[in-house]
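Novice: This one is my_file10.txt, compact mmCIF, C-alpha atoms and all ligand atoms.
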# COMPACT_ATOMS: atom_id res chain seq x y z
CA MET A 146 1.54 11.42 19.26
CA ASP A 147 1.06 15.19 19.10
CA PHE A 148 4.42 16.88 19.24
CA GLY A 149 2.93 20.11 17.87
CA ARG A 150 2.36 22.08 21.04
CA ARG A 151 5.42 20.85 22.86
CA ASP A 152 7.68 21.50 19.91
CA LEU A 153 6.28 24.96 19.34
CA LEU A 154 6.83 25.83 22.94
CA LEU A 155 10.38 24.54 22.80
CA GLY A 156 10.80 26.55 19.61
CA SER A 157 14.31 26.70 18.24
CA ALA A 158 15.50 24.10 20.72
CA ALA A 159 13.13 21.57 19.16
CA LEU A 160 14.19 22.57 15.68
CA LEU A 161 17.85 22.28 16.51
CA LEU A 162 17.22 18.84 17.98
CA ALA A 163 15.13 17.84 14.99
CA ASN A 164 17.97 18.87 12.73
CA SER A 165 20.83 17.43 14.73
CA THR A 166 22.57 14.48 13.15
CA ALA A 167 21.40 12.19 15.93
CA ALA A 168 17.70 13.02 15.57
CA ARG A 169 17.50 13.33 11.80
CA ALA A 170 16.21 10.35 9.86
CA VAL A 171 18.00 10.98 6.60
CA PRO A 172 15.81 10.13 3.61
CA THR A 173 17.56 7.83 1.15
CA ARG A 174 15.73 9.45 -1.76
CA LYS A 175 14.21 12.86 -2.48
CA LEU A 176 10.51 12.87 -1.65
CA GLY A 177 8.17 13.96 -4.45
CA TYR A 178 5.89 16.98 -4.03
CA ALA A 179 2.74 17.85 -5.96
CA ILE A 180 2.17 21.61 -5.91
CA VAL A 181 -1.55 22.44 -5.94
CA GLY A 182 -2.28 25.95 -7.27
CA LEU A 183 0.26 27.55 -9.59
CA GLY A 184 -0.10 31.13 -8.39
CA GLY A 185 2.17 33.73 -6.84
CA TYR A 186 3.28 31.47 -4.02
CA GLY A 187 3.13 27.94 -5.42
CA LEU A 188 4.67 28.78 -8.79
CA GLY A 189 6.51 32.01 -8.01
CA VAL A 190 8.07 31.12 -4.66
CA ILE A 191 7.90 27.41 -3.83
CA ILE A 192 8.68 25.62 -7.10
CA PRO A 193 11.97 27.53 -7.59
CA GLN A 194 13.03 26.40 -4.11
CA PHE A 195 13.42 22.70 -4.89
CA VAL A 196 16.93 23.39 -6.18
CA ASN A 197 17.84 24.41 -2.61
CA CYS A 198 16.43 21.21 -1.10
CA THR A 199 18.31 18.11 -0.06
CA HIS A 200 15.37 15.77 0.43
CA SER A 201 12.56 17.25 -1.68
CA ARG A 202 11.79 17.55 -5.38
CA LEU A 203 8.93 18.54 -7.66
CA ALA A 204 6.96 15.49 -8.85
CA ALA A 205 3.61 16.88 -10.09
CA VAL A 206 1.55 20.04 -10.56
CA VAL A 207 -2.18 20.61 -10.02
CA SER A 208 -3.84 23.57 -11.67
CA GLY A 209 -7.01 24.93 -13.26
CA ASP A 210 -4.90 26.06 -16.20
CA ARG A 211 -3.83 23.02 -18.22
CA ALA A 212 -1.52 24.95 -20.57
CA LYS A 213 0.33 26.62 -17.70
CA ALA A 214 0.62 23.37 -15.79
CA THR A 215 1.93 21.46 -18.81
CA ARG A 216 4.51 24.18 -19.44
CA VAL A 217 5.66 24.24 -15.80
CA ALA A 218 5.87 20.44 -15.73
CA ALA A 219 7.95 20.38 -18.92
CA GLU A 220 10.28 23.05 -17.57
CA HIS A 221 10.99 20.72 -14.66
CA GLY A 222 11.48 17.56 -16.70
CA LEU A 223 8.00 16.17 -15.96
CA GLY A 224 5.63 14.70 -18.53
CA THR A 225 1.90 15.22 -18.93
CA GLY A 226 1.33 12.27 -16.56
CA ALA A 227 2.45 14.62 -13.77
CA VAL A 228 -0.22 17.23 -14.59
CA TYR A 229 -3.57 17.21 -12.77
CA SER A 230 -6.64 19.42 -12.79
CA TYR A 231 -8.70 20.15 -9.69
CA ALA A 232 -11.40 17.84 -11.02
CA ASP A 233 -9.13 14.84 -11.64
CA PHE A 234 -6.82 15.50 -8.67
CA ASP A 235 -7.94 12.29 -6.89
CA ARG A 236 -6.12 10.23 -9.56
CA ILE A 237 -2.96 11.27 -7.74
CA ARG A 238 -3.47 8.24 -5.51
CA ASP A 239 -2.14 6.14 -8.42
CA ASN A 240 1.06 8.19 -8.74
CA PRO A 241 3.74 6.64 -6.52
CA ASP A 242 6.11 9.47 -7.48
CA VAL A 243 4.09 11.86 -5.28
CA ASP A 244 4.67 11.52 -1.52
CA ILE A 245 3.50 14.95 -0.37
CA VAL A 246 0.79 17.31 -1.63
CA TYR A 247 1.53 21.01 -1.01
CA VAL A 248 -1.72 23.04 -1.00
CA CYS A 249 -1.06 26.60 -2.27
CA LEU A 250 -4.68 27.54 -3.05
CA PRO A 251 -6.99 30.31 -1.79
CA ASN A 252 -7.72 29.75 1.90
CA ALA A 253 -11.24 28.40 1.50
CA MET A 254 -9.93 25.58 -0.70
CA HIS A 255 -7.32 24.35 1.82
CA ALA A 256 -9.62 21.99 3.69
CA GLU A 257 -11.06 20.32 0.59
CA PHE A 258 -7.69 19.62 -1.02
CA THR A 259 -6.01 18.56 2.23
CA ILE A 260 -8.77 16.04 2.86
CA ARG A 261 -8.76 14.77 -0.74
CA ALA A 262 -4.96 14.43 -0.62
CA ALA A 263 -5.06 12.46 2.62
CA ARG A 264 -7.77 10.19 1.21
CA ALA A 265 -5.51 9.64 -1.81
CA GLY A 266 -2.85 8.40 0.60
CA LYS A 267 -0.61 11.49 0.43
CA HIS A 268 1.03 13.49 3.21
CA VAL A 269 0.04 17.17 3.21
CA LEU A 270 1.82 20.48 3.59
CA CYS A 271 -0.89 23.16 3.62
CA GLU A 272 -0.37 26.90 3.35
CA LYS A 273 -1.38 29.40 6.02
CA PRO A 274 -3.97 30.10 7.21
CA MET A 275 -4.65 26.41 7.71
CA ALA A 276 -8.31 26.89 6.71
CA VAL A 277 -11.15 29.33 7.27
CA SER A 278 -12.68 27.85 10.43
CA VAL A 279 -11.92 25.68 13.44
CA ALA A 280 -14.36 23.07 12.12
CA GLU A 281 -12.41 22.80 8.85
CA CYS A 282 -9.09 22.50 10.69
CA GLU A 283 -10.50 19.70 12.83
CA ALA A 284 -11.79 17.88 9.74
CA MET A 285 -8.35 18.18 8.08
CA ILE A 286 -6.59 16.76 11.13
CA ALA A 287 -9.11 13.93 11.37
CA ALA A 288 -8.70 13.05 7.67
CA CYS A 289 -4.90 12.94 7.92
CA ARG A 290 -5.07 10.94 11.11
CA ALA A 291 -7.54 8.44 9.60
CA ALA A 292 -5.25 7.99 6.60
CA ASP A 293 -2.16 7.85 8.85
CA ARG A 294 -0.62 10.75 6.92
CA LYS A 295 1.44 13.72 8.24
CA LEU A 296 0.00 17.22 8.11
CA MET A 297 2.16 20.34 8.26
CA ILE A 298 1.24 24.04 7.94
CA GLY A 299 3.38 26.41 5.86
CA TYR A 300 4.66 28.44 8.80
CA ARG A 301 7.97 29.15 7.10
CA CYS A 302 9.30 31.45 9.87
CA HIS A 303 10.08 28.38 11.98
CA PHE A 304 12.85 27.68 9.45
CA GLU A 305 14.06 31.29 9.10
CA ALA A 306 17.38 32.23 10.71
CA TYR A 307 16.33 35.55 12.33
CA ASN A 308 13.13 34.16 13.80
CA LEU A 309 14.92 31.09 15.13
CA GLU A 310 17.60 33.24 16.76
CA ALA A 311 15.02 35.65 18.21
CA MET A 312 13.15 32.68 19.72
CA ARG A 313 16.38 31.35 21.18
CA LEU A 314 17.37 34.76 22.59
CA ALA A 315 13.91 35.37 24.05
CA ARG A 316 13.77 31.93 25.67
CA SER A 317 17.32 32.19 27.02
CA GLY A 318 16.45 35.42 28.83
CA ALA A 319 18.68 37.68 26.71
CA ALA A 320 16.13 40.49 27.20
CA GLY A 321 15.11 39.37 30.69
CA LYS A 322 11.52 38.38 31.41
CA ILE A 323 9.37 39.24 28.38
CA ARG A 324 6.69 41.70 29.47
CA TYR A 325 5.36 43.16 26.23
CA VAL A 326 5.26 42.15 22.57
CA ARG A 327 4.32 44.18 19.51
CA SER A 328 3.65 42.20 16.35
CA GLU A 329 2.43 44.01 13.24
CA HIS A 330 2.08 42.89 9.62
CA GLY A 331 0.49 44.41 6.58
CA PHE A 332 0.77 45.47 2.99
CA ILE A 333 -1.21 47.70 0.67
CA GLN A 334 -3.83 45.56 -1.04
CA ARG A 335 -4.24 47.45 -4.31
CA ASN A 336 -6.23 44.97 -6.41
CA PRO A 337 -9.96 45.11 -5.56
CA ALA A 338 -10.64 41.98 -7.64
CA VAL A 339 -8.22 39.66 -5.81
CA TRP A 340 -9.60 36.56 -4.06
CA ARG A 341 -8.10 37.81 -0.78
CA LEU A 342 -10.91 40.41 -0.65
CA LYS A 343 -13.69 37.88 -1.38
CA ARG A 344 -14.88 36.36 1.85
CA ALA A 345 -16.02 33.11 0.22
CA LEU A 346 -12.43 32.41 -0.88
CA SER A 347 -10.38 34.09 1.85
CA GLY A 348 -12.49 33.54 4.97
CA GLY A 349 -11.57 37.05 6.12
CA GLY A 350 -9.36 40.04 5.45
CA SER A 351 -5.91 41.08 6.65
CA LEU A 352 -6.13 38.87 9.74
CA MET A 353 -6.40 35.71 7.63
CA ASP A 354 -3.49 36.79 5.48
CA MET A 355 -0.91 38.90 7.36
CA GLY A 356 -2.41 38.75 10.85
CA ILE A 357 -1.49 35.08 11.03
CA TYR A 358 2.17 36.18 11.11
CA SER A 359 1.47 38.65 13.93
CA LEU A 360 -0.36 35.98 15.94
CA GLN A 361 2.17 33.22 15.26
CA ALA A 362 5.11 35.46 16.20
CA ALA A 363 3.47 36.49 19.49
CA ARG A 364 3.05 32.81 20.35
CA TYR A 365 6.37 31.40 19.18
CA MET A 366 8.43 34.28 20.53
CA THR A 367 6.92 34.08 24.01
CA GLY A 368 6.45 30.30 23.96
CA GLU A 369 3.12 30.87 25.70
CA GLU A 370 -0.52 30.26 24.86
CA PRO A 371 -2.83 33.27 25.32
CA VAL A 372 -5.59 33.08 27.92
CA ALA A 373 -7.64 36.05 26.69
CA VAL A 374 -8.04 38.23 23.63
CA THR A 375 -9.53 41.70 23.12
CA ALA A 376 -9.90 42.92 19.53
CA ARG A 377 -11.06 45.95 17.59
CA GLU A 378 -11.62 46.29 13.86
CA SER A 379 -11.19 49.56 11.94
CA THR A 380 -12.36 49.30 8.34
CA ASP A 381 -13.62 52.00 6.04
CA ARG A 382 -16.56 50.13 4.53
CA ARG A 383 -17.00 52.86 1.88
CA ASP A 384 -13.72 51.69 0.36
CA PRO A 385 -14.79 49.27 -2.41
CA ARG A 386 -11.93 46.90 -1.48
CA PHE A 387 -13.37 46.29 1.96
CA ARG A 388 -17.04 45.50 1.31
CA GLU A 389 -16.59 41.86 2.38
CA VAL A 390 -13.51 41.68 4.62
CA GLU A 391 -11.67 43.74 7.23
CA ASP A 392 -8.79 46.10 6.59
CA ILE A 393 -7.23 46.98 9.98
CA ILE A 394 -7.65 44.77 13.01
CA ASP A 395 -5.89 45.17 16.38
CA TRP A 396 -5.92 42.61 19.14
CA THR A 397 -4.33 42.21 22.54
CA LEU A 398 -3.33 38.80 23.85
CA GLU A 399 -2.90 38.13 27.56
CA PHE A 400 -0.43 35.38 28.44
CA PRO A 401 -0.27 33.33 31.66
CA SER A 402 3.08 34.91 32.66
CA GLY A 403 1.42 38.34 32.62
CA ALA A 404 3.06 39.29 29.32
CA ILE A 405 0.87 41.22 26.90
CA ALA A 406 1.05 41.10 23.09
CA SER A 407 -0.34 43.98 21.09
CA CYS A 408 -0.89 42.66 17.57
CA GLN A 409 -2.17 44.12 14.35
CA SER A 410 -2.69 43.44 10.68
CA MET A 411 -3.80 45.69 7.84
CA TYR A 412 -4.32 45.91 4.10
CA SER A 413 -3.91 49.69 3.85
CA ALA A 414 -0.26 50.15 4.83
CA ALA A 415 2.94 48.14 4.71
CA GLN A 416 4.47 46.99 7.97
CA ASN A 417 6.47 44.00 9.15
CA HIS A 418 7.64 44.35 12.72
CA VAL A 419 8.08 42.30 15.90
CA LEU A 420 9.28 43.82 19.17
CA LEU A 421 9.87 41.88 22.39
CA MET A 422 10.33 44.02 25.49
CA GLY A 423 11.79 42.35 28.54
CA ASP A 424 12.72 43.70 31.95
CA ALA A 425 16.40 43.60 30.91
CA GLY A 426 16.25 44.79 27.32
CA ARG A 427 14.57 44.37 23.98
CA ILE A 428 14.73 42.22 20.88
CA GLU A 429 13.45 43.90 17.76
CA LEU A 430 12.98 42.57 14.22
CA GLU A 431 12.15 44.83 11.30
CA PRO A 432 11.42 43.55 8.82
CA ALA A 433 10.69 40.45 10.85
CA THR A 434 9.12 37.81 8.63
CA ARG A 435 9.95 38.67 5.04
CA TYR A 436 11.23 36.15 2.52
CA THR A 437 14.70 37.78 2.71
CA GLY A 438 16.30 40.88 4.21
CA ASN A 439 15.11 40.58 7.81
CA HIS A 440 16.99 42.52 10.50
CA MET A 441 17.30 42.17 14.25
CA TRP A 442 18.60 44.22 17.16
CA LEU A 443 19.23 43.25 20.78
CA GLY A 444 20.00 45.42 23.77
CA GLU A 445 18.71 48.02 26.14
CA ASP A 446 16.62 50.91 24.90
CA GLY A 447 18.85 53.24 22.92
CA ARG A 448 21.84 50.90 23.02
CA GLU A 449 20.65 48.07 20.78
CA LYS A 450 23.15 46.25 18.60
CA ALA A 451 22.43 44.53 15.31
CA VAL A 452 22.41 40.74 15.55
CA THR A 453 23.48 38.45 12.73
CA PRO A 454 21.99 35.02 13.40
CA PRO A 455 23.65 31.70 12.68
CA PRO A 456 22.44 30.10 9.44
CA GLY A 457 19.04 28.41 9.43
CA PRO A 458 18.59 24.71 8.68
CA ARG A 459 18.82 25.29 4.91
CA VAL A 460 20.05 28.04 2.63
CA THR A 461 16.47 29.44 2.54
CA GLN A 462 13.54 29.16 4.93
CA PHE A 463 11.44 27.61 2.13
CA ALA A 464 13.93 24.81 1.54
CA GLY A 465 14.16 24.29 5.31
CA GLN A 466 10.40 23.92 5.46
CA LEU A 467 10.18 21.51 2.50
CA ASP A 468 13.02 19.33 3.78
CA HIS A 469 11.64 19.32 7.32
CA MET A 470 8.38 17.90 5.96
CA SER A 471 10.26 15.26 3.96
CA GLU A 472 12.34 14.30 6.99
CA SER A 473 9.23 14.15 9.18
CA VAL A 474 7.54 11.79 6.72
CA VAL A 475 10.56 9.49 6.55
CA ALA A 476 11.04 9.53 10.32
CA GLY A 477 7.31 9.02 10.98
CA ARG A 478 7.50 12.13 13.18
CA GLN A 479 5.00 14.96 13.60
CA PRO A 480 6.28 18.13 11.84
CA ILE A 481 7.14 20.93 14.29
CA VAL A 482 4.35 23.05 12.81
CA SER A 483 1.63 20.44 12.61
CA GLY A 484 -2.06 20.65 11.85
CA GLU A 485 -2.68 20.97 15.59
CA GLU A 486 -0.57 24.13 15.51
CA GLY A 487 -2.67 25.59 12.70
CA LEU A 488 -5.81 24.67 14.64
CA ARG A 489 -4.52 26.53 17.73
CA ASP A 490 -4.13 29.68 15.63
CA MET A 491 -7.57 29.28 14.08
CA ARG A 492 -9.19 29.01 17.53
CA ILE A 493 -7.58 32.35 18.42
CA VAL A 494 -8.53 33.85 15.03
CA GLU A 495 -12.17 32.97 15.66
CA ALA A 496 -11.92 34.54 19.13
CA ILE A 497 -10.36 37.71 17.66
CA TYR A 498 -13.24 38.11 15.20
CA ARG A 499 -15.76 37.38 17.93
CA SER A 500 -14.18 39.88 20.31
CA ALA A 501 -14.20 42.60 17.62
CA ARG A 502 -17.82 41.80 16.74
CA GLU A 503 -19.12 41.66 20.31
CA GLY A 504 -16.89 44.42 21.73
CA ARG A 505 -15.68 42.39 24.70
CA THR A 506 -12.76 40.32 25.92
CA ILE A 507 -12.94 36.62 25.03
CA ARG A 508 -11.37 34.14 27.44
CA LEU A 509 -9.58 31.27 25.72
CA GLY A 510 -9.89 27.73 26.95
P1 LIG A 601 -2.52 33.57 -5.93
O1 LIG A 601 -3.78 34.26 -6.19
O2 LIG A 601 -1.28 34.17 -6.48
O3 LIG A 601 -2.59 32.07 -6.50
C1 LIG A 601 -3.62 31.20 -6.11
C2 LIG A 601 -3.75 30.12 -7.15
O4 LIG A 601 -4.77 29.23 -6.73
C3 LIG A 601 -4.18 30.60 -8.53
O5 LIG A 601 -3.09 31.02 -9.32
C4 LIG A 601 -4.85 29.39 -9.11
O6 LIG A 601 -3.86 28.52 -9.62
C5 LIG A 601 -5.44 28.69 -7.87
N1 LIG A 601 -6.87 28.89 -7.75
C6 LIG A 601 -7.79 27.90 -7.82
N2 LIG A 601 -9.03 28.38 -7.69
C7 LIG A 601 -8.91 29.72 -7.57
C8 LIG A 601 -9.86 30.77 -7.44
N3 LIG A 601 -11.18 30.55 -7.38
N4 LIG A 601 -9.39 32.04 -7.36
C9 LIG A 601 -8.07 32.29 -7.41
N5 LIG A 601 -7.12 31.32 -7.52
C10 LIG A 601 -7.55 30.04 -7.62
O7 LIG A 601 -2.41 33.37 -4.36
P2 LIG A 601 -1.09 33.05 -3.53
O8 LIG A 601 -0.27 32.08 -4.28
O9 LIG A 601 -0.47 34.30 -3.09
O10 LIG A 601 -1.71 32.36 -2.21
C11 LIG A 601 -2.05 31.00 -2.15
C12 LIG A 601 -1.99 30.52 -0.72
O11 LIG A 601 -0.65 30.66 -0.25
C13 LIG A 601 -2.86 31.33 0.26
O12 LIG A 601 -3.42 30.47 1.20
C14 LIG A 601 -1.89 32.28 0.93
O13 LIG A 601 -2.28 32.64 2.24
C15 LIG A 601 -0.62 31.44 0.94
N6 LIG A 601 0.58 32.26 0.91
C16 LIG A 601 1.57 32.01 1.82
C17 LIG A 601 2.72 32.75 1.83
C18 LIG A 601 3.78 32.45 2.80
O14 LIG A 601 4.74 33.23 2.89
N7 LIG A 601 3.70 31.35 3.54
C19 LIG A 601 2.92 33.86 0.88
C20 LIG A 601 1.85 34.00 -0.07
C21 LIG A 601 0.73 33.22 -0.05
P3 LIG A 601 -4.01 27.82 -11.06
O15 LIG A 601 -4.03 28.95 -12.06
O16 LIG A 601 -2.82 26.96 -11.15
O17 LIG A 601 -5.30 27.07 -11.01
What does the file become when written as structure tokens?
Ligand code: NDP
Specialist:
Amino acid sequence: MDFGRRDLLLGSAALLLANSTAARAVPTRKLGYAIVGLGGYGLGVIIPQFVNCTHSRLAAVVSGDRAKATRVAAEHGLGTGAVYSYADFDRIRDNPDVDIVYVCLPNAMHAEFTIRAARAGKHVLCEKPMAVSVAECEAMIAACRAADRKLMIGYRCHFEAYNLEAMRLARSGAAGKIRYVRSEHGFIQRNPAVWRLKRALSGGGSLMDMGIYSLQAARYMTGEEPVAVTARESTDRRDPRFREVEDIIDWTLEFPSGAIASCQSMYSAAQNHVLLMGDAGRIELEPATRYTGNHMWLGEDGREKAVTPPPGPRVTQFAGQLDHMSESVVAGRQPIVSGEEGLRDMRIVEAIYRSAREGRTIRLG
């Protein structure tokens, strides 16, 4: 059963229910994760988070760098039997210690490793963006379904206290009827050699990386699905960083309620901002979706007050995400940010690129 859309639309209410004592199937053991790709996110951010988890632990590492992987495994009390290369990754099917494979690879490798993991009998948590095309997302969902495995996308903001509270406030009418959303994310991409600037590995530029946050926030804050998108790309192609992918891209989403979202992503300036304007006030987050240090204000223009949200489901959003996946596996329940949710974003991403390319509004099905 696909809970993805319904749960996204219910937003924090669904998460609160999923985390209530009554609804939670409490795992009797910590589920084992294999982290695939020991880079900035997998090694630098996710692996250190297992200490904050209740139901999740590190069980294996998968890397192209054997020495690094062996060192990381040893640091976490794992032997060489818990170390895999990309070539021998499929052997993971014989490792009962691994329940869930967490794909933290460049975007164009997400589909391959999700499908291989599912075929090896493992549940999959895959980083954002889910993949680089709608066709890949559909193949990933089909592979997990055929193997009867859960698939979740690393949309960590659904486990982050400020975003959960903003969703709750927006849905409860704290700012009145939401009429207009601004959602903007970017950072300065300084390294011209990084895979994020190579189309074959990234699938696209700032939209695939930071724009996913802008798009996700517009959807989960309003609880609506857009019916049309109009986009425009602004990239200085003389800049050697942007020979293959876009720098700045703006897009407008039209929602069935009449609300409009003006979204943006860029690789040439830092920004992290979400603004919801209703007919009775505004909810503003800046920064909105960072790892830590987010801020939020609620009120009428000029009279906003800072809001401190109640704690999220775990001490960090990352631990909340990992434990939600573990609980979903044990309960046999679809994660609240499922593969279908990643697919919905990718359909819109393809429409954004198409709109920018063709210079016209694209209606969404
Ligand atoms: P990094 O470049 O820091 O790490 C990627 C890792 O992937 C590398 O260290 C390497 O690991 C492995 N890899 C395998 N093949 C290649 C290749 N051809 N080129 C480069 N790396 C390769 O990227 P990130 O960790 O920042 O990003 C990984 C994924 O996580 C992306 O999809 C990104 O969008 C997502 N992400 C999500 C974030 C979030 O907040 N949810 C934040 C940051 C990233 P090894 O050396 O072990 O082989």
Novice: Env of Arg508 of chain A: 10 Å cut, atoms = all atoms listed in the file, seq-sep filter 6 positions within chain, self excluded. Answer as a list in words.
Specialist: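 Here the answer would be Pro371, Val372, Ala373, Val374, Thr375, Leu398, Glu399, Ile493, Ala496 and Ser500 of chain A.
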Novice: Please determine, counting only C-alpha atoms and all ligand atoms, which residue among A:Asp354, A:Asp239, A:Glu449, A:Glu281 has the shortest atom-to-atom distance to ligand LIG 601 (chain A).
Specialist: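 The shortest atom-to-atom distance to ligand LIG 601 (chain A) comes from A:Asp354.
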Novice: Extending 3 Å beyond the listed atoms of ligand LIG 601 (chain A) on each side, what axis-aligned box results? I want centre and edge lengths in Å to one decimal, as AutoDock Vina command-line options.
Specialist:
--center_x -3.2 --center_y 30.6 --center_z -4.3 --size_x 21.9 --size_y 13.3 --size_z 21.6
Novice: Using all atoms listed in the file, determine which residues lie at most 10 Å from segment 414-420 of chain A, disregarding the query and same-chain residues fewer than 2 positions distant; provide the list as a ChimeraX atom specification.
Specialist: /A:308,311,325-334,355,358-359,362-363,366,392-393,406-412,422-423,427-435,439-442
Novice: Select, from A:Lys273, A:Arg238, A:Arg294, A:Arg202, the residue with the minimum atom-to-atom distance to Tyr186 of chain A, counting all atoms listed in the file.
Specialist: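 Of the candidates, the smallest distance to Tyr186 of chain A is held by A:Lys273.
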Novice: If you measure from atom CA of Ala288 of chain A to atom O10 of ligand LIG 601 (chain A), what distance in Å do you get, rounded to one decimal?
Specialist: 22.8 Å
Novice: Nearest residue to ligand LIG 601 (chain A) out of A:Gly348, A:Pro193, A:Gly226, A:Gly177, using all atoms listed in the file?
Specialist: A:Gly348
Novice: Taking all atoms listed in the file into account, list the residues no farther than 8 Å from ligand LIG 601 (chain A), as an NGL selection string.
Specialist: :A and (181-189 or 207-210 or 213-214 or 230-231 or 248-252 or 254-255 or 272-275 or 299-301 or 339-341 or 346-347 or 353-354 or 435-436)
Novice: Compile the contact shell of Ile286 of chain A as a list of chain:residue names: residues with an atom at most 9 Å away, counting all atoms listed in the file, same-chain residues fewer than 3 positions apart removed.
Specialist: A:Ile260, A:Glu281, A:Cys282, A:Glu283, A:Cys289, A:Arg290, A:Ala291, A:Leu296, A:Gly484, A:Glu485, A:Leu488
Novice: Could you pull the residues within 12 Å of Gly222 of chain A, counting only C-alpha atoms, minus those fewer than 6 positions along the same chain, as a ChimeraX atom specification?
Specialist: /A:202-206,215-216,228
Novice: What's the separation between atom CA of His221 of chain A and atom CA of Phe195 of chain A, in Å to one decimal place?
Specialist: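 These atoms are spaced 10.3 Å apart.
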Novice: Point out the residue among A:Leu509, A:Leu443, A:Ala476, A:Val482 with the least atom-to-atom distance to Glu310 of chain A, counting only C-alpha atoms.
Specialist: A:Leu443
Novice: Keeping N, CA and C atoms (and nothing else), can you write segment 479-492 of chain A of this structure as a PDB file, in the first residue's frame?
Specialist:
ATOM      1  N   GLN A 479       5.202   1.512   4.962  1.00  0.00           N
ATOM      2  CA  GLN A 479       5.902   2.375   4.009  1.00  0.00           C
ATOM      3  C   GLN A 479       6.493   3.575   4.763  1.00  0.00           C
ATOM      4  N   PRO A 480       7.781   3.903   4.562  1.00  0.00           N
ATOM      5  CA  PRO A 480       8.327   5.107   5.196  1.00  0.00           C
ATOM      6  C   PRO A 480       7.552   6.347   4.752  1.00  0.00           C
ATOM      7  N   ILE A 481       7.542   7.393   5.592  1.00  0.00           N
ATOM      8  CA  ILE A 481       6.745   8.584   5.220  1.00  0.00           C
ATOM      9  C   ILE A 481       7.332   9.309   4.014  1.00  0.00           C
ATOM     10  N   VAL A 482       8.615   9.129   3.759  1.00  0.00           N
ATOM     11  CA  VAL A 482       9.196   9.685   2.523  1.00  0.00           C
ATOM     12  C   VAL A 482       9.693   8.509   1.677  1.00  0.00           C
ATOM     13  N   SER A 483       8.766   7.936   0.971  1.00  0.00           N
ATOM     14  CA  SER A 483       8.989   6.695   0.239  1.00  0.00           C
ATOM     15  C   SER A 483       9.585   6.965  -1.144  1.00  0.00           C
ATOM     16  N   GLY A 484       9.858   5.897  -1.860  1.00  0.00           N
ATOM     17  CA  GLY A 484      10.310   6.036  -3.237  1.00  0.00           C
ATOM     18  C   GLY A 484       9.297   6.790  -4.087  1.00  0.00           C
ATOM     19  N   GLU A 485       8.008   6.560  -3.818  1.00  0.00           N
ATOM     20  CA  GLU A 485       6.971   7.268  -4.595  1.00  0.00           C
ATOM     21  C   GLU A 485       7.096   8.779  -4.394  1.00  0.00           C
ATOM     22  N   GLU A 486       7.520   9.175  -3.206  1.00  0.00           N
ATOM     23  CA  GLU A 486       7.699  10.601  -2.917  1.00  0.00           C
ATOM     24  C   GLU A 486       8.881  11.172  -3.719  1.00  0.00           C
ATOM     25  N   GLY A 487       9.959  10.401  -3.788  1.00  0.00           N
ATOM     26  CA  GLY A 487      11.096  10.833  -4.610  1.00  0.00           C
ATOM     27  C   GLY A 487      10.714  10.918  -6.071  1.00  0.00           C
ATOM     28  N   LEU A 488       9.912   9.969  -6.524  1.00  0.00           N
ATOM     29  CA  LEU A 488       9.444   9.957  -7.916  1.00  0.00           C
ATOM     30  C   LEU A 488       8.608  11.206  -8.214  1.00  0.00           C
ATOM     31  N   ARG A 489       7.730  11.586  -7.264  1.00  0.00           N
ATOM     32  CA  ARG A 489       6.915  12.793  -7.481  1.00  0.00           C
ATOM     33  C   ARG A 489       7.813  14.012  -7.710  1.00  0.00           C
ATOM     34  N   ASP A 490       8.863  14.128  -6.894  1.00  0.00           N
ATOM     35  CA  ASP A 490       9.785  15.251  -7.090  1.00  0.00           C
ATOM     36  C   ASP A 490      10.467  15.167  -8.444  1.00  0.00           C
ATOM     37  N   MET A 491      10.877  13.967  -8.832  1.00  0.00           N
ATOM     38  CA  MET A 491      11.628  13.840 -10.097  1.00  0.00           C
ATOM     39  C   MET A 491      10.736  14.175 -11.293  1.00  0.00           C
ATOM     40  N   ARG A 492       9.449  13.864 -11.199  1.00  0.00           N
ATOM     41  CA  ARG A 492       8.540  14.262 -12.297  1.00  0.00           C
ATOM     42  C   ARG A 492       8.520  15.783 -12.425  1.00  0.00           C
TER      43      ARG A 492
END
